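*Asks:* For reference, this is protein_19.txt, and it has compact mmCIF, C-alpha atoms.
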```txt
# COMPACT_ATOMS: atom_id res chain seq x y z
CA MET A 1 0.00 0.00 0.00
CA SER A 2 1.41 3.41 -0.95
CA ASN A 3 1.76 6.10 1.69
CA ALA A 4 2.33 9.65 0.46
CA LYS A 5 3.89 10.62 3.81
CA LEU A 6 6.76 8.21 3.12
CA GLU A 7 7.74 10.37 0.16
CA VAL A 8 10.50 12.84 1.04
CA LEU A 9 9.97 16.51 0.30
CA THR A 10 11.44 17.52 -3.05
CA PRO A 11 11.48 20.77 -5.02
CA HIS A 12 8.99 19.12 -7.38
CA ASN A 13 6.31 18.00 -4.91
CA SER A 14 6.21 20.91 -2.43
CA GLN A 15 4.70 24.32 -2.02
CA ILE A 16 5.00 26.59 1.00
CA ILE A 17 2.74 29.04 2.82
CA PHE A 18 3.76 31.68 5.34
CA ILE A 19 0.80 32.56 7.55
CA ASP A 20 0.64 35.83 9.49
CA GLN A 21 4.35 36.38 10.05
CA GLN A 22 3.48 39.86 11.32
CA PRO A 23 4.70 41.93 14.28
CA GLN A 24 1.58 41.93 16.44
CA MET A 25 1.29 38.18 16.06
CA ALA A 26 4.97 37.77 16.97
CA PHE A 27 4.53 39.97 20.05
CA GLY A 28 2.24 37.32 21.52
CA VAL A 29 4.62 34.40 20.92
CA GLN A 30 6.06 32.84 24.07
CA SER A 31 6.88 29.31 22.87
CA ILE A 32 10.16 30.25 21.17
CA ASP A 33 12.56 33.18 21.32
CA ARG A 34 11.14 35.67 18.85
CA GLN A 35 14.46 36.54 17.24
CA VAL A 36 15.12 32.83 16.73
CA LEU A 37 11.62 32.49 15.26
CA LYS A 38 12.28 35.30 12.81
CA ASN A 39 15.71 33.90 11.90
CA ASN A 40 14.22 30.48 11.20
CA THR A 41 11.34 31.89 9.17
CA VAL A 42 13.62 33.97 6.95
CA ALA A 43 16.02 31.04 6.54
CA LEU A 44 13.14 28.81 5.45
CA ALA A 45 12.05 31.47 2.98
CA LYS A 46 15.55 31.72 1.52
CA ALA A 47 15.64 27.95 1.13
CA ALA A 48 12.29 28.01 -0.67
CA LYS A 49 13.67 30.67 -3.01
CA VAL A 50 16.80 28.61 -3.77
CA PHE A 51 14.73 25.58 -4.75
CA ASN A 52 12.03 27.57 -6.61
CA ILE A 53 9.29 26.33 -4.29
CA PRO A 54 5.90 27.90 -5.11
CA THR A 55 5.31 30.34 -2.26
CA ILE A 56 2.27 32.00 -0.69
CA ILE A 57 2.39 34.79 1.88
CA THR A 58 -0.90 35.50 3.62
CA THR A 59 -1.71 38.11 6.27
CA VAL A 60 -4.59 38.97 8.58
CA GLU A 61 -5.92 42.42 9.45
CA THR A 62 -2.66 44.13 8.52
CA GLU A 63 -3.83 47.71 8.91
CA SER A 64 -6.10 47.27 11.93
CA PHE A 65 -3.77 45.50 14.36
CA SER A 66 -1.36 42.88 12.99
CA GLY A 67 1.11 45.10 11.17
CA HIS A 68 3.11 44.40 8.04
CA THR A 69 4.94 41.15 7.24
CA TYR A 70 8.61 41.13 8.26
CA PRO A 71 10.54 43.13 5.63
CA GLU A 72 13.28 40.48 5.66
CA LEU A 73 10.72 37.87 4.61
CA LEU A 74 9.18 40.04 1.90
CA ASP A 75 12.58 40.92 0.46
CA VAL A 76 13.23 37.24 -0.26
CA PHE A 77 10.32 37.29 -2.73
CA PRO A 78 10.29 40.66 -4.55
CA GLY A 79 6.98 41.38 -6.24
CA LEU A 80 5.11 38.45 -4.68
CA ASP A 81 1.46 39.30 -3.95
CA ILE A 82 0.41 39.26 -0.30
CA LEU A 83 -2.95 37.59 0.29
CA GLU A 84 -4.81 39.59 2.94
CA ARG A 85 -7.60 37.99 4.96
CA SER A 86 -10.09 38.76 7.70
CA SER A 87 -10.52 35.16 8.91
CA MET A 88 -8.07 33.60 11.32
CA ASN A 89 -8.29 30.50 9.13
CA SER A 90 -6.47 31.00 5.83
CA TRP A 91 -8.55 28.22 4.29
CA ASP A 92 -11.61 30.48 4.58
CA ASP A 93 -10.19 32.90 1.98
CA GLN A 94 -10.86 31.96 -1.64
CA LYS A 95 -7.66 33.67 -2.84
CA VAL A 96 -5.63 31.30 -0.68
CA ARG A 97 -7.49 28.22 -1.91
CA ASP A 98 -7.04 29.34 -5.52
CA ALA A 99 -3.31 30.01 -5.03
CA LEU A 100 -2.78 26.59 -3.46
CA ALA A 101 -4.64 24.89 -6.29
CA ALA A 102 -2.75 26.87 -8.93
CA ASN A 103 0.57 25.73 -7.48
CA GLY A 104 -0.49 22.15 -8.12
CA LYS A 105 1.43 20.54 -5.22
CA LYS A 106 -0.28 18.38 -2.60
CA LYS A 107 2.50 18.72 -0.01
CA ILE A 108 2.19 22.08 1.77
CA VAL A 109 5.00 23.28 4.04
CA VAL A 110 3.55 25.65 6.65
CA SER A 111 5.22 28.39 8.73
CA GLY A 112 2.90 30.61 10.69
CA LEU A 113 1.62 32.39 13.78
CA TRP A 114 0.01 31.29 15.98
CA THR A 115 0.45 27.53 15.99
CA GLU A 116 -2.71 26.91 18.03
CA VAL A 117 -4.97 29.16 15.96
CA CYS A 118 -4.05 30.06 12.39
CA ASN A 119 -1.78 27.07 11.72
CA ASN A 120 -4.07 24.55 13.39
CA SER A 121 -7.28 25.63 11.68
CA PHE A 122 -5.64 25.91 8.25
CA ALA A 123 -3.99 22.51 8.55
CA LEU A 124 -7.12 20.65 9.59
CA CYS A 125 -9.31 22.27 6.92
CA ALA A 126 -6.76 21.95 4.12
CA MET A 127 -6.45 18.24 4.84
CA LEU A 128 -10.17 17.59 5.32
CA GLU A 129 -11.58 19.74 2.54
CA GLY A 130 -8.66 20.08 0.14
CA GLY A 131 -6.98 16.70 0.40
CA TYR A 132 -3.57 18.31 1.05
CA GLU A 133 -0.68 16.91 3.07
CA ILE A 134 0.61 19.35 5.69
CA TYR A 135 4.22 19.63 6.85
CA MET A 136 4.25 21.96 9.86
CA VAL A 137 7.56 23.73 10.46
CA ALA A 138 7.62 23.69 14.25
CA ASP A 139 10.60 26.03 14.72
CA ALA A 140 9.34 28.59 12.16
CA SER A 141 5.98 28.79 13.94
CA GLY A 142 5.06 29.98 17.41
CA GLY A 143 2.30 29.91 19.99
CA THR A 144 1.22 32.13 22.84
CA THR A 145 2.70 29.68 25.37
CA LYS A 146 4.90 26.62 25.08
CA GLU A 147 1.89 24.52 26.05
CA ALA A 148 -0.26 26.18 23.38
CA HIS A 149 2.34 25.41 20.71
CA ASP A 150 3.10 21.89 21.91
CA TYR A 151 -0.50 20.77 22.32
CA ALA A 152 -1.48 22.29 18.98
CA MET A 153 1.38 20.36 17.36
CA GLN A 154 0.18 17.18 19.10
CA ARG A 155 -3.38 17.73 17.94
CA MET A 156 -2.26 18.27 14.36
CA ILE A 157 0.08 15.27 14.44
CA GLN A 158 -2.79 13.10 15.65
CA ALA A 159 -4.81 14.36 12.68
CA GLY A 160 -2.02 13.46 10.24
CA VAL A 161 0.16 16.57 10.03
CA VAL A 162 3.87 15.86 9.62
CA PRO A 163 6.10 17.88 12.04
CA VAL A 164 9.36 19.22 10.58
CA THR A 165 11.99 21.89 11.25
CA TRP A 166 13.28 24.51 8.85
CA GLN A 167 16.75 23.06 8.38
CA GLN A 168 15.31 19.58 7.93
CA VAL A 169 13.13 20.91 5.10
CA MET A 170 16.03 22.69 3.40
CA LEU A 171 18.30 19.65 3.54
CA GLU A 172 15.51 17.35 2.39
CA TRP A 173 15.12 19.58 -0.66
CA GLN A 174 18.90 19.50 -1.21
CA ARG A 175 19.13 15.74 -0.55
CA ASP A 176 22.52 15.20 -2.17
CA TRP A 177 25.61 17.41 -1.87
CA ALA A 178 26.37 16.41 -5.46
CA ASN A 179 23.49 18.70 -6.49
CA ARG A 180 25.91 21.52 -7.20
CA ASP A 181 23.35 23.96 -8.62
CA THR A 182 22.05 24.62 -5.12
CA TYR A 183 25.04 23.60 -2.99
CA ASP A 184 26.60 27.03 -2.53
CA ALA A 185 23.28 28.76 -1.85
CA VAL A 186 22.32 26.16 0.77
CA MET A 187 25.69 26.51 2.48
CA ASN A 188 25.30 30.29 2.49
CA ILE A 189 21.93 29.95 4.24
CA ALA A 190 23.51 27.60 6.77
CA LYS A 191 26.35 30.03 7.45
CA GLU A 192 23.95 32.93 7.96
CA HIS A 193 21.15 31.20 9.87
CA SER A 194 22.21 27.83 11.31
CA GLY A 195 23.77 29.02 14.56
CA ALA A 196 26.67 26.92 15.82
CA TYR A 197 26.65 24.74 12.71
CA GLY A 198 26.90 27.81 10.48
CA ILE A 199 29.71 29.23 12.59
CA GLY A 200 31.50 25.92 12.25
CA VAL A 201 31.12 25.97 8.47
CA ASP A 202 32.58 29.48 8.36
CA TYR A 203 35.48 28.31 10.49
CA ALA A 204 36.15 25.27 8.34
CA TYR A 205 36.02 27.25 5.11
CA THR A 206 38.40 29.96 6.28
CA MET A 207 40.76 28.18 8.67
CA VAL A 208 40.96 24.70 7.14
CA HIS A 209 40.29 25.33 3.45
CA LYS A 210 41.75 28.86 3.52
CA ALA A 211 38.78 30.43 1.76
CA PRO A 212 38.45 34.21 2.13
CA SER A 213 36.23 35.49 4.88
CA ARG A 214 32.75 36.16 3.50
CA GLN A 215 32.15 39.71 4.72
CA LYS A 216 31.57 42.19 1.89
CA SER A 217 33.51 45.11 3.43
CA GLU A 218 37.28 45.57 3.55
CA HIS A 219 39.14 45.50 6.86
CA ARG A 220 42.77 45.65 7.90
CA THR A 221 44.06 43.50 10.73
CA LEU A 222 46.65 45.44 12.71
CA ALA A 223 49.42 43.43 14.32
CA PRO A 224 49.81 43.43 18.12
CA VAL A 225 51.81 46.32 19.61
CA HIS A 226 52.88 45.63 23.18
CA ALA A 227 52.52 48.58 25.51
CA PRO A 228 55.22 49.16 28.16
CA LEU A 229 54.63 47.32 31.42
CA ARG A 230 54.94 49.15 34.71
```
Is it possible to give me this structure as structure tokens?
*Replies:*
Amino acid sequence: MSNAKLEVLTPHNSQIIFIDQQPQMAFGVQSIDRQVLKNNTVALAKAAKVFNIPTIITTVETESFSGHTYPELLDVFPGLDILERSSMNSWDDQKVRDALAANGKKKIVVSGLWTEVCNNSFALCAMLEGGYEIYMVADASGGTTKEAHDYAMQRMIQAGVVPVTWQQVMLEWQRDWANRDTYDAVMNIAKEHSGAYGIGVDYAYTMVHKAPSRQKSEHRTLAPVHAPLR
């Protein structure tokens, strides 16, 4: 018997939706450090751009209280339309349904705020009514408490949602380091966004392989000059 969830994510079978990655929504997040959340969300977006993953950005009540999508996220996708809604459930907006259908991919990677509201309701409805598979990016989503996030993830998992993390998704898309067309871009994302691993990659490139440091500006390193001791 075939099981679609045993298929790995590929650039050919995936689409991605960013739900309500907006300041007022982020203010309420307590399940994850908000700077880490933003870092992970932007990293995931950059990975989606590298692999040409069809991408949807949807927002709720931007002008009334939620504020505008993170500029760093928008800048990854210049010119991409933002799908504004009034419902907390993205599935309730016909524009969103039409965009998902137009992308033609049954596997939807989801990053959004809040896990227990907007992510949960979208995931359940998209599976039930749309027949989609949902891959919920746990570390590029956030809830109002750790319990709210964790129990929402458990509820969705029980319903058939697949839990993933942003770096897992990126490396699943990459799959093989012999895929040289995306190798450098993936490593650049890792160096910028993958914390200790990225720092280690920078160290290995510069200290072991003697690659130039990747900053864009010029700097001189001045040799030590010992001051007189008293």
*Asks:* Mind giving me the straight-line distance from CA of Ala47 in chain A to CA of Met170 in chain A in Å, one decimal?
*Replies:* 5.7 Å
*Asks:* Counting only C-alpha atoms, which residues of range 110-167 of chain A sit at most 12 Å from some atom of range 192-216 of chain A, and what is each one's closest atom pair with its distance in Å to one decimal, listed by chain and rising residue number, as JSON lines?
*Replies:*
```
{"residue": "A:Thr165", "atom": "CA", "partner": "A:Ser194", "partner_atom": "CA", "distance": 11.8}
{"residue": "A:Trp166", "atom": "CA", "partner": "A:Ser194", "partner_atom": "CA", "distance": 9.8}
{"residue": "A:Gln167", "atom": "CA", "partner": "A:Ser194", "partner_atom": "CA", "distance": 7.8}
```
*Asks:* Point out the residue among A:Glu218, A:Gln15, A:Val164, A:Ser141 with the least atom-to-atom distance to Val36 in chain A, counting all atoms listed in the file.
*Replies:* A:Ser141
*Asks:* Just checking: using all atoms listed in the file, which residue out of A:Asn89, A:Ser111, A:Ser2, A:Gln174 ends up closest to Leu37 in chain A?
*Replies:*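 Comparing A:Asn89, A:Ser111, A:Ser2, A:Gln174 against Leu37 in chain A, the winner is A:Ser111.
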*Asks:* Could you tell me which of A:Gln22, A:Ser90, A:Asn40, A:Thr115 comes closest to Thr62 in chain A if we count only C-alpha atoms?
*Replies:*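 Selected residue with least distance to Thr62 in chain A: A:Gln22.
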*Asks:* CA of Ile189 in chain A and CA of Ile108 in chain A, how far apart in Å?
*Replies:* 21.4 Å
*Asks:* Just to confirm, what's the straight-line distance from CA of Asp20 in chain A to CA of Lys5 in chain A in Å (one decimal)?
*Replies:*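 Distance reported for this atom pair: 26.0 Å.
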*Asks:* Which one of A:Val60, A:Ile82, A:Met25, A:Val76 sits closest to Ala99 in chain A if you count all atoms listed in the file?
*Replies:*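 Between A:Val60, A:Ile82, A:Met25, A:Val76, the residue approaching Ala99 in chain A most closely is A:Ile82.
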*Asks:* So that I can check the surroundings of Ile53 in chain A, please list as a PyMOL selection string every protein, DNA and RNA residue that reaches within 12 Å of it, counting only C-alpha atoms and ignoring chain neighbours fewer than 5 positions away.
*Replies:* chain A and resi 9-17+44-48+77+103-105+107-109+169-170+173
*Asks:* Could you take the residues named above and write them with C-alpha atoms, as a PDB file, in the frame of the given file?
*Replies:*
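Contents of part01.pdb, as written:
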```pdb
ATOM      1  CA  LEU A   9       9.970  16.510   0.300  1.00  0.00           C
ATOM      2  CA  THR A  10      11.440  17.520  -3.050  1.00  0.00           C
ATOM      3  CA  PRO A  11      11.480  20.770  -5.020  1.00  0.00           C
ATOM      4  CA  HIS A  12       8.990  19.120  -7.380  1.00  0.00           C
ATOM      5  CA  ASN A  13       6.310  18.000  -4.910  1.00  0.00           C
ATOM      6  CA  SER A  14       6.210  20.910  -2.430  1.00  0.00           C
ATOM      7  CA  GLN A  15       4.700  24.320  -2.020  1.00  0.00           C
ATOM      8  CA  ILE A  16       5.000  26.590   1.000  1.00  0.00           C
ATOM      9  CA  ILE A  17       2.740  29.040   2.820  1.00  0.00           C
ATOM     10  CA  LEU A  44      13.140  28.810   5.450  1.00  0.00           C
ATOM     11  CA  ALA A  45      12.050  31.470   2.980  1.00  0.00           C
ATOM     12  CA  LYS A  46      15.550  31.720   1.520  1.00  0.00           C
ATOM     13  CA  ALA A  47      15.640  27.950   1.130  1.00  0.00           C
ATOM     14  CA  ALA A  48      12.290  28.010  -0.670  1.00  0.00           C
ATOM     15  CA  PHE A  77      10.320  37.290  -2.730  1.00  0.00           C
ATOM     16  CA  ASN A 103       0.570  25.730  -7.480  1.00  0.00           C
ATOM     17  CA  GLY A 104      -0.490  22.150  -8.120  1.00  0.00           C
ATOM     18  CA  LYS A 105       1.430  20.540  -5.220  1.00  0.00           C
ATOM     19  CA  LYS A 107       2.500  18.720  -0.010  1.00  0.00           C
ATOM     20  CA  ILE A 108       2.190  22.080   1.770  1.00  0.00           C
ATOM     21  CA  VAL A 109       5.000  23.280   4.040  1.00  0.00           C
ATOM     22  CA  VAL A 169      13.130  20.910   5.100  1.00  0.00           C
ATOM     23  CA  MET A 170      16.030  22.690   3.400  1.00  0.00           C
ATOM     24  CA  TRP A 173      15.120  19.580  -0.660  1.00  0.00           C
TER      25      TRP A 173
END
```
*Asks:* Using only C-alpha atoms, which residue out of A:Gln21, A:Asn179, A:Ser66, A:Gln94 lies closest to Gly112 in chain A?
*Replies:* A:Gln21
*Asks:* For Leu124 in chain A, find every residue with an atom within 9 Å (counting only C-alpha atoms), except residues of its own chain fewer than 4 positions away, and show them as a PDB file with C-alpha atoms, in the coordinates of the input.
*Replies:*
```pdb
ATOM      1  CA  ASN A 119      -1.780  27.070  11.720  1.00  0.00           C
ATOM      2  CA  ASN A 120      -4.070  24.550  13.390  1.00  0.00           C
ATOM      3  CA  LEU A 128     -10.170  17.590   5.320  1.00  0.00           C
ATOM      4  CA  GLU A 129     -11.580  19.740   2.540  1.00  0.00           C
ATOM      5  CA  ILE A 134       0.610  19.350   5.690  1.00  0.00           C
ATOM      6  CA  MET A 156      -2.260  18.270  14.360  1.00  0.00           C
ATOM      7  CA  ALA A 159      -4.810  14.360  12.680  1.00  0.00           C
ATOM      8  CA  GLY A 160      -2.020  13.460  10.240  1.00  0.00           C
ATOM      9  CA  VAL A 161       0.160  16.570  10.030  1.00  0.00           C
TER      10      VAL A 161
END
```
*Asks:* I'd like to know which of A:Ser64, A:Ser121, A:Thr144, A:Asn188 is closest to Phe27 in chain A, using all atoms listed in the file.
*Replies:*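 With all atoms listed in the file as the atom set, the closest residue is A:Thr144.
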*Asks:* Using only C-alpha atoms, which residues sit within 9 Å of Met88 in chain A once same-chain residues fewer than 3 positions away are excluded, as a list in words?
*Replies:* Val60, Arg85, Trp91, Asp92, Val117, Cys118, Ser121 and Phe122 of chain A
